[in-house]
There are 2 protein chains.
Amino acid sequence: MAVNIPETDKERIVIIGGGFAGLELARKLIKSDYQVVLIDRNNFHQFQPLFYQVAMAGLEPSSIVFPFRRIFQKAKDAYIRVAEVKSVDTEKKIVETSVGDMWYDHLVIAIGAETNFFGNERIAKHAIPMKSVSQALYLRNHILEDYEKSVTVRDFSDRQQLIDIVIVGGGPTGVELAGSLAEMKRYVIPKEYKELNHKEIDIYLVQSGDRLLYGMSDKAGEDALRFLTELGVRVQLNSRVTDYDGERVYMKDGNSIPTDKLIWAAGIIGNTLKGIPEDIIDRKNRIKVNHYSQVEGVADVYAIGDIAMMSTEDYPDGHPQVAQPALQQAKTLARNFKRKLKDKEPKPFKYFDKGSMATIGRQRAVADLPAFSFSGSLAWLAWLVVHLFALIGTRNKLFVFLNWIWNYFMYNQSLRLIIRPYTRKEL
Amino acid sequence: MAVNIPETDKERIVIIGGGFAGLELARKLIKSDYQVVLIDRNNFHQFQPLFYQVAMAGLEPSSIVFPFRRIFQKAKDAYIRVAEVKSVDTEKKIVETSVGDMWYDHLVIAIGAETNFFGNERIAKHAIPMKSVSQALYLRNHILEDYEKSVTVRDFSDRQQLIDIVIVGGGPTGVELAGSLAEMKRYVIPKEYKELNHKEIDIYLVQSGDRLLYGMSDKAGEDALRFLTELGVRVQLNSRVTDYDGERVYMKDGNSIPTDKLIWAAGIIGNTLKGIPEDIIDRKNRIKVNHYSQVEGVADVYAIGDIAMMSTEDYPDGHPQVAQPALQQAKTLARNFKRKLKDKEPKPFKYFDKGSMATIGRQRAVADLPAFSFSGSLAWLAWLVVHLFALIGTRNKLFVFLNWIWNYFMYNQSLRLIIRPYTRKEL
């Protein structure tokens, strides 16, 4: 069955995935002389850098996601399809989706990456990932439900399992989560859960390597470690989680920690798409592309963002799997599509590293600029400003800003609400 | 197993339910010389009059619910227990809950009412109720998912089932939902779902009686009908839904309407609580109380709010099941508890009717004051102000106010996001 999209005499670009790469490409092309179709399983774009604040009850999901249709209001010949992609046929140039088949002239794969459990299925089953707002909300509810349960529990070790949290992965997500959990323990618990002794709460951050924030400067890693230690987080470097049964986390050194919440932020692996030849997929599931983002050996198919493995002189193992390369690849590809209409040659992608940042808590952040690194209140302010402006939409900026102001002065996240999904099954 | 609540030499008041009645009572008593325990299945109070705006993507749930623990921050000897109540034993003076048993000196039942499907199980299974924020969110997601699906559907009658909506019940909830759906059809669909012909969307409001807004003035009912008709809602008075199979709504007159969304706002029935003698429960499941809110024939047990059936000279069949009587009963009961500590006699409850209002759309509302009735823009403004101030918490007032301003000037609800709950099953 063919999907219902108006026919046109323009060439059709189908984009799979509305993350940083896919959405940026769509935005640059919706006023061009192409027909654009964006396919995503959600009807909104998610701003991943702030997932941890949703999980910590500091922001609402709606403040950090943006509905695609809002952006496409201005478009003349662009369409959203909320659907699952089942496979692609690069010979017939067709995408098979849950709402029907769709032909394309040009296909852009921007399906991103998902949590990598490195093949450990027990961990995959019991740990909590952090790769969608839904997962962030799930974590929020889980933490709050466990606090509520814990006030009714008399036995210390039973309580410990409910209130202690283990985070695996010393990247930005792990560091940011650990920092804000530590602040919740310090500022919120004594006020709102007086029956709990907040000193009983332990927050573990487990990192397999010998430092935090790989990919950032040594200074950033050291400062992050210092900030987290100041906040009381138990950072375990050179440590590795080998198993988790939902009740106890087992470490490589033989120790174990009882907890019913293991947050897994230890790595990502590319999402898979049926129909892409296996020989151009690398061990991190990325699709090999040339410097024009063209998928190797497959005509009229492109890959951008976390899913793309583009080997360059500066980045022989591919670019960092973060927002900036994704956005920049999308911009270059959009320009090349427009050049194509004018019969001009495409230009190769060149990554411009603007730097990177991570926040640990109130007035505690680390930042690497191309020229120098800094940390503390100034880095924290810079982090706030950069992330505020990176959000899509005036409304989101306004509401995130107000929430931040509120939470900062009240020493409190306002959204500690366990809103359970309603299902017909309740009846 | 006894639930873990600190022992005290004060008398303990246990309140079941944190709706308008239960929460108001708790707020008035948390600084008194009683120990207060509030039991609710949620960790938050829900502001029911704005559920329909959550369903219409105009407000976030977090803006209209308020965490109990925030209120209890100021309390010295007051406790929240998020739990299900299984039964009460009024002889032994014990409440049995999902987190353990709890003794009481005084028990206040404020468990409110739920949707009344009048015994029709097929309707109960397929229709969507509107008695919790979770249900409101469910309705929101359902509407949005169906719009997304409908743009891929070529067949008109298939599409009709996805985009048409039937609302049963001509009270405030039904009227307010119908009005805002009509405005979504008029203002939002043409902008964001250009592929849909918004004229294809039909909104039905089915009311068994011969007028809308029973309980309000004739003028209010007539004006509401006029406003809805202006907005294009198909109001069917003297009409009755007899069955619904999830695909088609069957009417008493033999007609039927294809729709996969039937919203049921046709009536409420008291929640049940095991352990309350059946002979003091009326046909609407309300518990009979005297003028001091004391449950008839049961010592030290009280009932307030929607669950209470207090027959007075002015209200022989009980008070209206809305917020005002609930709040006022809670205030009177709190005063009587405090008088008790001073060995003073309790005072009987007397309801002061402040009037009632319903809003239909932009600058369209109806209001009954004790002295006179009015409608239009002034009633609409009054409705906004009254509901804004009735919300608990400065943050909620601020965020609701900003959302209203935004939605009013943008002619758009900003939260049309289908955020599906994450479940471990996904793995």
# chains A, B, ... in the order shown; residues from 1 in each chain; ligands from 1
call {"tool": "select_by_dssp", "arguments": {"residues": "stretch 171-375 of chain A", "states": "strand (DSSP E)", "output": "short mmCIF file (atom, residue, chain, number, x, y, z; two decimals) with all heavy atoms, in the first residue's frame"}}
result
data_model
loop_
_atom_site.label_atom_id
_atom_site.label_comp_id
_atom_site.auth_asym_id
_atom_site.auth_seq_id
_atom_site.Cartn_x
_atom_site.Cartn_y
_atom_site.Cartn_z
N ILE A 203 24.50 8.00 46.30
CA ILE A 203 24.46 8.10 44.84
C ILE A 203 25.82 7.65 44.31
O ILE A 203 26.85 8.24 44.64
CB ILE A 203 24.17 9.55 44.40
CG1 ILE A 203 22.79 9.95 44.92
CG2 ILE A 203 24.23 9.69 42.89
CD1 ILE A 203 22.71 11.41 45.28
N TYR A 204 25.81 6.59 43.51
CA TYR A 204 27.05 6.04 42.96
C TYR A 204 27.15 6.41 41.49
O TYR A 204 26.16 6.30 40.75
CB TYR A 204 27.06 4.52 43.07
CG TYR A 204 27.02 4.00 44.49
CD1 TYR A 204 25.80 3.77 45.14
CD2 TYR A 204 28.20 3.73 45.19
CE1 TYR A 204 25.76 3.29 46.43
CE2 TYR A 204 28.16 3.24 46.48
CZ TYR A 204 26.94 3.03 47.10
OH TYR A 204 26.90 2.55 48.39
N LEU A 205 28.35 6.81 41.09
CA LEU A 205 28.61 6.99 39.66
C LEU A 205 29.77 6.07 39.29
O LEU A 205 30.89 6.22 39.80
CB LEU A 205 28.97 8.45 39.36
CG LEU A 205 29.27 8.76 37.89
CD1 LEU A 205 28.06 8.52 37.01
CD2 LEU A 205 29.74 10.22 37.73
N VAL A 206 29.47 5.11 38.43
CA VAL A 206 30.46 4.09 38.07
C VAL A 206 31.01 4.37 36.67
O VAL A 206 30.23 4.52 35.73
CB VAL A 206 29.81 2.68 38.11
CG1 VAL A 206 30.84 1.63 37.73
CG2 VAL A 206 29.22 2.41 39.48
N ARG A 234 29.37 9.28 45.24
CA ARG A 234 30.44 8.29 45.34
C ARG A 234 30.88 7.89 43.94
O ARG A 234 30.28 7.01 43.31
CB ARG A 234 29.95 7.06 46.09
CG ARG A 234 29.52 7.39 47.51
CD ARG A 234 29.04 6.15 48.19
NE ARG A 234 28.79 6.43 49.60
CZ ARG A 234 29.00 5.58 50.58
NH1 ARG A 234 29.50 4.39 50.32
NH2 ARG A 234 28.74 5.90 51.82
N VAL A 235 31.93 8.54 43.46
CA VAL A 235 32.41 8.26 42.11
C VAL A 235 33.38 7.09 42.16
O VAL A 235 34.32 7.08 42.94
CB VAL A 235 33.11 9.50 41.51
CG1 VAL A 235 33.57 9.20 40.08
CG2 VAL A 235 32.19 10.71 41.53
N GLN A 236 33.10 6.06 41.36
CA GLN A 236 33.98 4.89 41.32
C GLN A 236 34.61 4.79 39.94
O GLN A 236 33.99 4.31 38.99
CB GLN A 236 33.18 3.63 41.63
CG GLN A 236 32.43 3.73 42.95
CD GLN A 236 31.94 2.39 43.47
OE1 GLN A 236 31.83 1.43 42.72
NE2 GLN A 236 31.67 2.33 44.76
N VAL A 241 30.43 -2.44 35.93
CA VAL A 241 29.26 -3.22 36.33
C VAL A 241 29.18 -4.45 35.43
O VAL A 241 29.23 -4.33 34.21
CB VAL A 241 27.97 -2.38 36.19
CG1 VAL A 241 26.73 -3.25 36.31
CG2 VAL A 241 27.95 -1.28 37.24
N THR A 242 29.07 -5.62 36.04
CA THR A 242 29.03 -6.84 35.23
C THR A 242 27.64 -7.43 35.13
O THR A 242 27.32 -8.12 34.17
CB THR A 242 29.97 -7.92 35.82
OG1 THR A 242 29.61 -8.14 37.19
CG2 THR A 242 31.42 -7.48 35.73
N ASP A 243 26.79 -7.15 36.14
CA ASP A 243 25.46 -7.74 36.08
C ASP A 243 24.50 -6.96 36.98
O ASP A 243 24.93 -6.23 37.88
CB ASP A 243 25.52 -9.20 36.54
CG ASP A 243 24.31 -10.00 36.04
OD1 ASP A 243 23.49 -9.43 35.29
OD2 ASP A 243 24.20 -11.18 36.39
N TYR A 244 23.21 -7.13 36.71
CA TYR A 244 22.19 -6.46 37.51
C TYR A 244 20.90 -7.25 37.38
O TYR A 244 20.44 -7.54 36.28
CB TYR A 244 21.99 -5.02 37.01
CG TYR A 244 20.93 -4.26 37.76
CD1 TYR A 244 20.95 -4.16 39.14
CD2 TYR A 244 19.89 -3.63 37.07
CE1 TYR A 244 19.98 -3.46 39.83
CE2 TYR A 244 18.91 -2.92 37.75
CZ TYR A 244 18.96 -2.85 39.13
OH TYR A 244 18.00 -2.15 39.80
N ARG A 248 20.20 -5.88 42.80
CA ARG A 248 21.57 -5.73 43.24
C ARG A 248 22.48 -5.58 42.01
O ARG A 248 22.33 -6.32 41.04
CB ARG A 248 21.97 -6.97 44.05
CG ARG A 248 23.24 -6.84 44.85
CD ARG A 248 23.41 -8.03 45.77
NE ARG A 248 22.76 -7.83 47.06
CZ ARG A 248 23.34 -7.22 48.11
NH1 ARG A 248 24.57 -6.74 48.00
NH2 ARG A 248 22.70 -7.09 49.25
N VAL A 249 23.37 -4.59 42.09
CA VAL A 249 24.31 -4.34 41.01
C VAL A 249 25.62 -5.07 41.34
O VAL A 249 26.18 -4.86 42.43
CB VAL A 249 24.59 -2.83 40.86
CG1 VAL A 249 25.63 -2.58 39.77
CG2 VAL A 249 23.32 -2.07 40.56
N TYR A 250 26.09 -5.90 40.43
CA TYR A 250 27.33 -6.64 40.66
C TYR A 250 28.48 -5.98 39.92
O TYR A 250 28.39 -5.68 38.74
CB TYR A 250 27.17 -8.09 40.21
CG TYR A 250 26.10 -8.80 41.01
CD1 TYR A 250 24.77 -8.80 40.58
CD2 TYR A 250 26.42 -9.40 42.22
CE1 TYR A 250 23.78 -9.41 41.33
CE2 TYR A 250 25.43 -10.02 42.99
CZ TYR A 250 24.12 -10.02 42.54
OH TYR A 250 23.14 -10.61 43.30
N MET A 251 29.59 -5.78 40.67
CA MET A 251 30.75 -5.09 40.11
C MET A 251 31.83 -6.11 39.78
O MET A 251 31.87 -7.21 40.34
CB MET A 251 31.30 -4.08 41.12
CG MET A 251 30.24 -3.25 41.83
SD MET A 251 29.42 -2.08 40.75
CE MET A 251 30.78 -0.98 40.41
N SER A 256 29.08 -5.59 45.50
CA SER A 256 27.75 -5.40 44.92
C SER A 256 27.02 -4.33 45.70
O SER A 256 27.33 -4.07 46.87
CB SER A 256 26.97 -6.71 44.93
OG SER A 256 26.61 -7.05 46.24
N ILE A 257 26.09 -3.67 45.04
CA ILE A 257 25.34 -2.57 45.66
C ILE A 257 23.86 -2.89 45.51
O ILE A 257 23.38 -3.13 44.40
CB ILE A 257 25.64 -1.23 44.95
CG1 ILE A 257 27.15 -0.96 44.91
CG2 ILE A 257 24.91 -0.08 45.64
CD1 ILE A 257 27.55 0.18 43.98
N PRO A 258 23.10 -2.89 46.63
CA PRO A 258 21.67 -3.14 46.50
C PRO A 258 20.95 -1.87 46.04
O PRO A 258 21.09 -0.80 46.64
CB PRO A 258 21.24 -3.51 47.92
CG PRO A 258 22.26 -2.91 48.81
CD PRO A 258 23.51 -2.65 48.02
N LEU A 262 19.11 1.19 38.52
CA LEU A 262 20.40 1.31 37.86
C LEU A 262 20.17 2.11 36.59
O LEU A 262 19.40 1.71 35.72
CB LEU A 262 20.95 -0.08 37.50
CG LEU A 262 22.24 -0.09 36.68
CD1 LEU A 262 23.42 0.38 37.52
CD2 LEU A 262 22.52 -1.49 36.13
N ILE A 263 20.81 3.28 36.53
CA ILE A 263 20.65 4.12 35.34
C ILE A 263 21.82 3.84 34.41
O ILE A 263 22.98 3.92 34.84
CB ILE A 263 20.59 5.60 35.72
CG1 ILE A 263 19.46 5.83 36.72
CG2 ILE A 263 20.40 6.46 34.48
CD1 ILE A 263 19.49 7.19 37.36
N TRP A 264 21.52 3.53 33.18
CA TRP A 264 22.55 3.10 32.24
C TRP A 264 22.81 4.21 31.21
O TRP A 264 22.01 4.45 30.33
CB TRP A 264 22.10 1.83 31.53
CG TRP A 264 23.21 1.12 30.81
CD1 TRP A 264 23.49 1.19 29.48
CD2 TRP A 264 24.19 0.25 31.39
NE1 TRP A 264 24.58 0.42 29.20
CE2 TRP A 264 25.03 -0.18 30.35
CE3 TRP A 264 24.44 -0.19 32.70
CZ2 TRP A 264 26.11 -1.03 30.57
CZ3 TRP A 264 25.51 -1.05 32.91
CH2 TRP A 264 26.34 -1.47 31.86
N ILE A 268 26.43 4.28 23.56
CA ILE A 268 25.34 4.21 22.59
C ILE A 268 25.75 3.36 21.40
O ILE A 268 26.94 3.14 21.15
CB ILE A 268 24.93 5.62 22.09
CG1 ILE A 268 26.12 6.36 21.49
CG2 ILE A 268 24.31 6.42 23.23
CD1 ILE A 268 25.75 7.66 20.81
N ILE A 269 24.76 2.89 20.69
CA ILE A 269 25.00 2.09 19.49
C ILE A 269 23.96 2.50 18.46
O ILE A 269 22.81 2.79 18.81
CB ILE A 269 24.94 0.58 19.83
CG1 ILE A 269 25.37 -0.24 18.62
CG2 ILE A 269 23.54 0.16 20.31
CD1 ILE A 269 25.82 -1.65 18.99
N GLY A 270 24.38 2.57 17.20
CA GLY A 270 23.48 3.05 16.16
C GLY A 270 22.22 2.21 16.05
O GLY A 270 22.24 0.99 16.24
N ILE A 287 26.75 3.84 9.87
CA ILE A 287 26.77 3.61 8.43
C ILE A 287 27.89 4.44 7.82
O ILE A 287 27.97 5.65 8.05
CB ILE A 287 25.42 3.99 7.80
CG1 ILE A 287 24.29 3.17 8.42
CG2 ILE A 287 25.45 3.82 6.29
CD1 ILE A 287 22.89 3.64 8.03
N LYS A 288 28.74 3.78 7.04
CA LYS A 288 29.89 4.49 6.47
C LYS A 288 29.45 5.43 5.35
O LYS A 288 28.72 5.02 4.43
CB LYS A 288 30.91 3.49 5.94
CG LYS A 288 31.62 2.74 7.06
CD LYS A 288 32.62 1.74 6.51
CE LYS A 288 33.09 0.82 7.64
NZ LYS A 288 33.79 -0.37 7.14
N VAL A 289 29.91 6.67 5.44
CA VAL A 289 29.56 7.65 4.41
C VAL A 289 30.83 8.35 3.94
O VAL A 289 31.86 8.35 4.63
CB VAL A 289 28.58 8.73 4.95
CG1 VAL A 289 27.25 8.11 5.35
CG2 VAL A 289 29.19 9.48 6.13
N VAL A 301 21.41 7.77 -1.36
CA VAL A 301 21.13 7.56 0.06
C VAL A 301 22.22 8.24 0.88
O VAL A 301 23.41 8.11 0.58
CB VAL A 301 21.05 6.06 0.41
CG1 VAL A 301 20.76 5.88 1.91
CG2 VAL A 301 19.97 5.37 -0.41
N TYR A 302 21.80 8.98 1.88
CA TYR A 302 22.71 9.74 2.73
C TYR A 302 22.52 9.34 4.19
O TYR A 302 21.46 8.84 4.56
CB TYR A 302 22.43 11.24 2.58
CG TYR A 302 22.53 11.74 1.16
CD1 TYR A 302 21.49 11.51 0.25
CD2 TYR A 302 23.66 12.43 0.71
CE1 TYR A 302 21.57 11.95 -1.05
CE2 TYR A 302 23.75 12.87 -0.60
CZ TYR A 302 22.70 12.63 -1.48
OH TYR A 302 22.79 13.06 -2.77
N ALA A 303 23.53 9.57 5.00
CA ALA A 303 23.37 9.36 6.45
C ALA A 303 24.05 10.52 7.18
O ALA A 303 25.16 10.92 6.81
CB ALA A 303 23.96 8.03 6.88
N ALA A 308 25.94 8.26 11.32
CA ALA A 308 26.89 8.36 10.21
C ALA A 308 28.32 8.15 10.68
O ALA A 308 28.74 8.70 11.70
CB ALA A 308 26.75 9.72 9.53
N MET A 309 29.07 7.35 9.96
CA MET A 309 30.49 7.15 10.24
C MET A 309 31.26 7.76 9.07
O MET A 309 31.39 7.17 8.01
CB MET A 309 30.77 5.65 10.37
CG MET A 309 32.23 5.26 10.22
SD MET A 309 33.29 6.01 11.48
CE MET A 309 34.90 5.62 10.81
N MET A 310 31.69 9.02 9.30
CA MET A 310 32.45 9.71 8.26
C MET A 310 33.89 9.84 8.76
O MET A 310 34.14 10.49 9.76
CB MET A 310 31.86 11.10 8.00
CG MET A 310 32.53 11.85 6.85
SD MET A 310 32.10 13.62 6.84
CE MET A 310 30.36 13.57 6.44
N SER A 356 32.70 22.07 24.17
CA SER A 356 31.67 21.27 24.82
C SER A 356 31.58 21.62 26.30
O SER A 356 32.50 22.19 26.87
CB SER A 356 31.94 19.78 24.62
OG SER A 356 33.27 19.48 24.93
N MET A 357 30.46 21.29 26.89
CA MET A 357 30.21 21.67 28.28
C MET A 357 29.43 20.57 28.99
O MET A 357 28.75 19.77 28.37
CB MET A 357 29.35 22.92 28.34
CG MET A 357 29.54 23.91 27.22
SD MET A 357 28.36 25.27 27.37
CE MET A 357 29.40 26.45 28.18
N ALA A 358 29.53 20.60 30.31
CA ALA A 358 28.67 19.74 31.12
C ALA A 358 28.41 20.47 32.43
O ALA A 358 29.27 21.20 32.93
CB ALA A 358 29.34 18.39 31.39
N THR A 359 27.21 20.27 32.97
CA THR A 359 26.88 20.96 34.22
C THR A 359 26.75 19.92 35.33
O THR A 359 26.29 18.80 35.09
CB THR A 359 25.60 21.79 34.06
OG1 THR A 359 25.41 22.55 35.24
CG2 THR A 359 24.40 20.92 33.84
N ILE A 360 27.18 20.28 36.50
CA ILE A 360 27.13 19.32 37.60
C ILE A 360 26.12 19.74 38.65
O ILE A 360 25.47 18.91 39.27
CB ILE A 360 28.53 19.12 38.25
CG1 ILE A 360 29.45 18.41 37.25
CG2 ILE A 360 28.45 18.28 39.51
CD1 ILE A 360 30.32 19.31 36.44
N GLY A 361 25.96 21.06 38.83
CA GLY A 361 25.00 21.52 39.82
C GLY A 361 24.95 23.03 39.84
O GLY A 361 25.40 23.69 38.90
N ARG A 364 28.04 25.05 39.26
CA ARG A 364 29.14 24.12 39.04
C ARG A 364 29.00 23.53 37.65
O ARG A 364 28.10 22.73 37.40
CB ARG A 364 29.11 22.98 40.06
CG ARG A 364 29.48 23.35 41.48
CD ARG A 364 29.45 22.10 42.35
NE ARG A 364 29.94 22.35 43.69
CZ ARG A 364 29.15 22.56 44.75
NH1 ARG A 364 27.84 22.55 44.61
NH2 ARG A 364 29.68 22.76 45.95
N ALA A 365 29.88 23.93 36.74
CA ALA A 365 29.88 23.35 35.41
C ALA A 365 31.30 23.38 34.88
O ALA A 365 32.17 24.05 35.44
CB ALA A 365 28.93 24.12 34.49
N VAL A 366 31.52 22.63 33.82
CA VAL A 366 32.83 22.64 33.16
C VAL A 366 32.61 22.94 31.69
O VAL A 366 31.60 22.55 31.10
CB VAL A 366 33.55 21.29 33.32
CG1 VAL A 366 33.91 21.04 34.78
CG2 VAL A 366 32.71 20.13 32.79
N ALA A 367 33.56 23.69 31.09
CA ALA A 367 33.41 24.07 29.69
C ALA A 367 34.77 24.04 29.01
O ALA A 367 35.77 24.47 29.58
CB ALA A 367 32.79 25.45 29.59
N ASP A 368 34.78 23.47 27.81
CA ASP A 368 35.98 23.51 26.96
C ASP A 368 35.67 24.35 25.74
O ASP A 368 34.76 24.02 24.97
CB ASP A 368 36.36 22.10 26.46
CG ASP A 368 36.90 21.22 27.57
OD1 ASP A 368 37.35 21.77 28.60
OD2 ASP A 368 36.90 19.99 27.39
N SER A 373 39.91 26.15 28.62
CA SER A 373 38.90 25.47 29.43
C SER A 373 38.63 26.26 30.69
O SER A 373 39.55 26.89 31.22
CB SER A 373 39.42 24.08 29.84
OG SER A 373 39.63 23.30 28.70
N PHE A 374 37.39 26.24 31.16
CA PHE A 374 37.11 26.90 32.43
C PHE A 374 35.99 26.17 33.15
O PHE A 374 35.30 25.34 32.57
CB PHE A 374 36.80 28.39 32.24
CG PHE A 374 35.60 28.67 31.38
CD1 PHE A 374 34.48 29.28 31.91
CD2 PHE A 374 35.60 28.36 30.01
CE1 PHE A 374 33.36 29.55 31.11
CE2 PHE A 374 34.49 28.64 29.21
CZ PHE A 374 33.37 29.23 29.77
N SER A 375 35.80 26.50 34.42
CA SER A 375 34.78 25.80 35.19
C SER A 375 34.25 26.70 36.29
O SER A 375 34.78 27.79 36.52
CB SER A 375 35.34 24.51 35.78
OG SER A 375 36.31 24.81 36.74
#
call {"tool": "interface_residues", "arguments": {"of": "chain A", "to": "chain B", "cutoff": "6 Å", "atoms": "only C-alpha atoms", "output": "PDB file with C-alpha atoms, in the first residue's frame"}}
result
ATOM      1  CA  ASN A   4      -0.916   9.053   1.101  1.00  0.00           C
ATOM      2  CA  ARG A  69       3.914  20.309  12.710  1.00  0.00           C
ATOM      3  CA  GLN A  73       3.361  25.251   9.268  1.00  0.00           C
ATOM      4  CA  SER A 134       9.513   8.950  27.915  1.00  0.00           C
ATOM      5  CA  GLN A 135      12.432   7.168  29.550  1.00  0.00           C
ATOM      6  CA  THR A 152       6.800   3.377  54.979  1.00  0.00           C
ATOM      7  CA  GLU A 192       9.780  17.345  51.780  1.00  0.00           C
ATOM      8  CA  PRO A 421      -0.351   6.731  32.424  1.00  0.00           C
ATOM      9  CA  TYR A 422      -4.021   5.840  32.193  1.00  0.00           C
TER      10      TYR A 422
END
call {"tool": "residues_around", "arguments": {"residues": "B:His198", "least_positions_apart": "3", "cutoff": "7 Å", "atoms": "only C-alpha atoms", "output": "list in words"}}
result
Lys185, Ile189, Pro190 and Ile201 of chain B
call {"tool": "atom_distance", "arguments": {"atom1": "atom CA of B:Met1", "atom2": "atom CA of B:Gly17"}}
result
21.5 Å
call {"tool": "residues_around", "arguments": {"residues": "B:Ser32", "least_positions_apart": "4", "cutoff": "10 Å", "atoms": "only C-alpha atoms", "output": "ChimeraX atom specification"}}
result
/B:10,26-28,36,75-78,334,337-338,341
call {"tool": "write_last_selection", "arguments": {"atoms": "all heavy atoms", "output": "short mmCIF file (atom, residue, chain, number, x, y, z; two decimals), in the first residue's frame"}}
result
data_model
loop_
_atom_site.label_atom_id
_atom_site.label_comp_id
_atom_site.auth_asym_id
_atom_site.auth_seq_id
_atom_site.Cartn_x
_atom_site.Cartn_y
_atom_site.Cartn_z
N LYS B 10 -0.90 13.19 70.49
CA LYS B 10 -2.06 13.89 69.94
C LYS B 10 -3.08 12.89 69.40
O LYS B 10 -2.74 11.75 69.11
CB LYS B 10 -1.61 14.80 68.80
CG LYS B 10 -0.67 15.91 69.21
CD LYS B 10 -0.21 16.66 67.98
CE LYS B 10 0.90 17.63 68.34
NZ LYS B 10 1.57 18.13 67.12
N ALA B 26 -7.03 18.98 55.38
CA ALA B 26 -5.64 18.77 55.83
C ALA B 26 -4.92 20.11 56.00
O ALA B 26 -4.23 20.33 57.00
CB ALA B 26 -4.90 17.89 54.81
N ARG B 27 -5.10 20.99 55.03
CA ARG B 27 -4.42 22.30 55.11
C ARG B 27 -4.84 23.07 56.36
O ARG B 27 -4.04 23.77 56.97
CB ARG B 27 -4.76 23.16 53.88
CG ARG B 27 -4.14 22.63 52.61
CD ARG B 27 -4.63 23.41 51.41
NE ARG B 27 -3.90 24.66 51.25
CZ ARG B 27 -4.17 25.56 50.31
NH1 ARG B 27 -5.17 25.37 49.48
NH2 ARG B 27 -3.46 26.66 50.20
N LYS B 28 -6.13 22.97 56.71
CA LYS B 28 -6.62 23.72 57.87
C LYS B 28 -6.16 23.08 59.17
O LYS B 28 -6.21 23.73 60.22
CB LYS B 28 -8.16 23.76 57.85
CG LYS B 28 -8.76 24.50 56.68
CD LYS B 28 -8.58 26.00 56.84
CE LYS B 28 -9.14 26.73 55.63
NZ LYS B 28 -8.52 28.04 55.40
N VAL B 36 -2.12 14.60 61.72
CA VAL B 36 -2.91 14.45 60.50
C VAL B 36 -2.21 13.47 59.56
O VAL B 36 -1.01 13.59 59.32
CB VAL B 36 -3.10 15.81 59.80
CG1 VAL B 36 -3.85 15.62 58.47
CG2 VAL B 36 -3.84 16.79 60.69
N ALA B 75 4.15 21.58 57.89
CA ALA B 75 3.49 20.87 58.98
C ALA B 75 4.49 20.28 59.96
O ALA B 75 5.60 19.92 59.60
CB ALA B 75 2.63 19.76 58.40
N LYS B 76 4.07 20.16 61.23
CA LYS B 76 4.95 19.55 62.22
C LYS B 76 4.63 18.08 62.42
O LYS B 76 5.50 17.26 62.59
CB LYS B 76 4.77 20.28 63.56
CG LYS B 76 5.65 21.52 63.63
CD LYS B 76 5.31 22.32 64.88
CE LYS B 76 5.54 23.79 64.62
NZ LYS B 76 4.72 24.64 65.46
N ASP B 77 3.34 17.77 62.45
CA ASP B 77 2.95 16.41 62.77
C ASP B 77 1.90 15.93 61.77
O ASP B 77 0.80 15.54 62.14
CB ASP B 77 2.40 16.38 64.22
CG ASP B 77 2.43 14.97 64.81
OD1 ASP B 77 2.98 14.06 64.15
OD2 ASP B 77 1.89 14.79 65.92
N ALA B 78 2.28 16.00 60.50
CA ALA B 78 1.35 15.59 59.46
C ALA B 78 2.09 14.72 58.46
O ALA B 78 3.26 14.97 58.17
CB ALA B 78 0.76 16.82 58.77
N ALA B 334 -13.08 21.34 59.83
CA ALA B 334 -11.81 21.71 60.47
C ALA B 334 -12.08 22.58 61.70
O ALA B 334 -11.48 22.37 62.77
CB ALA B 334 -10.91 22.44 59.47
N PHE B 337 -13.37 20.40 64.47
CA PHE B 337 -12.29 19.63 65.12
C PHE B 337 -11.54 20.52 66.12
O PHE B 337 -11.20 20.09 67.22
CB PHE B 337 -11.31 19.07 64.08
CG PHE B 337 -11.70 17.72 63.52
CD1 PHE B 337 -11.82 17.53 62.14
CD2 PHE B 337 -11.96 16.65 64.37
CE1 PHE B 337 -12.18 16.29 61.62
CE2 PHE B 337 -12.32 15.40 63.85
CZ PHE B 337 -12.44 15.22 62.48
N LYS B 338 -11.29 21.75 65.71
CA LYS B 338 -10.56 22.66 66.60
C LYS B 338 -11.41 23.03 67.82
O LYS B 338 -10.89 23.14 68.93
CB LYS B 338 -10.13 23.91 65.85
CG LYS B 338 -8.99 23.66 64.86
CD LYS B 338 -8.64 24.94 64.11
CE LYS B 338 -7.69 24.64 62.96
NZ LYS B 338 -7.55 25.79 62.05
N LEU B 341 -11.25 20.42 70.58
CA LEU B 341 -10.08 20.48 71.47
C LEU B 341 -10.32 21.44 72.63
O LEU B 341 -9.72 21.31 73.69
CB LEU B 341 -8.84 20.93 70.69
CG LEU B 341 -8.21 19.92 69.73
CD1 LEU B 341 -7.01 20.54 69.04
CD2 LEU B 341 -7.80 18.64 70.46
#
call {"tool": "residues_around", "arguments": {"residues": "stretch 312-319 of chain B", "least_positions_apart": "5", "cutoff": "10 Å", "atoms": "only C-alpha atoms", "output": "number ranges by chain"}}
result
B: 286, 288-291, 305-306, 324-326, 349-351, 353
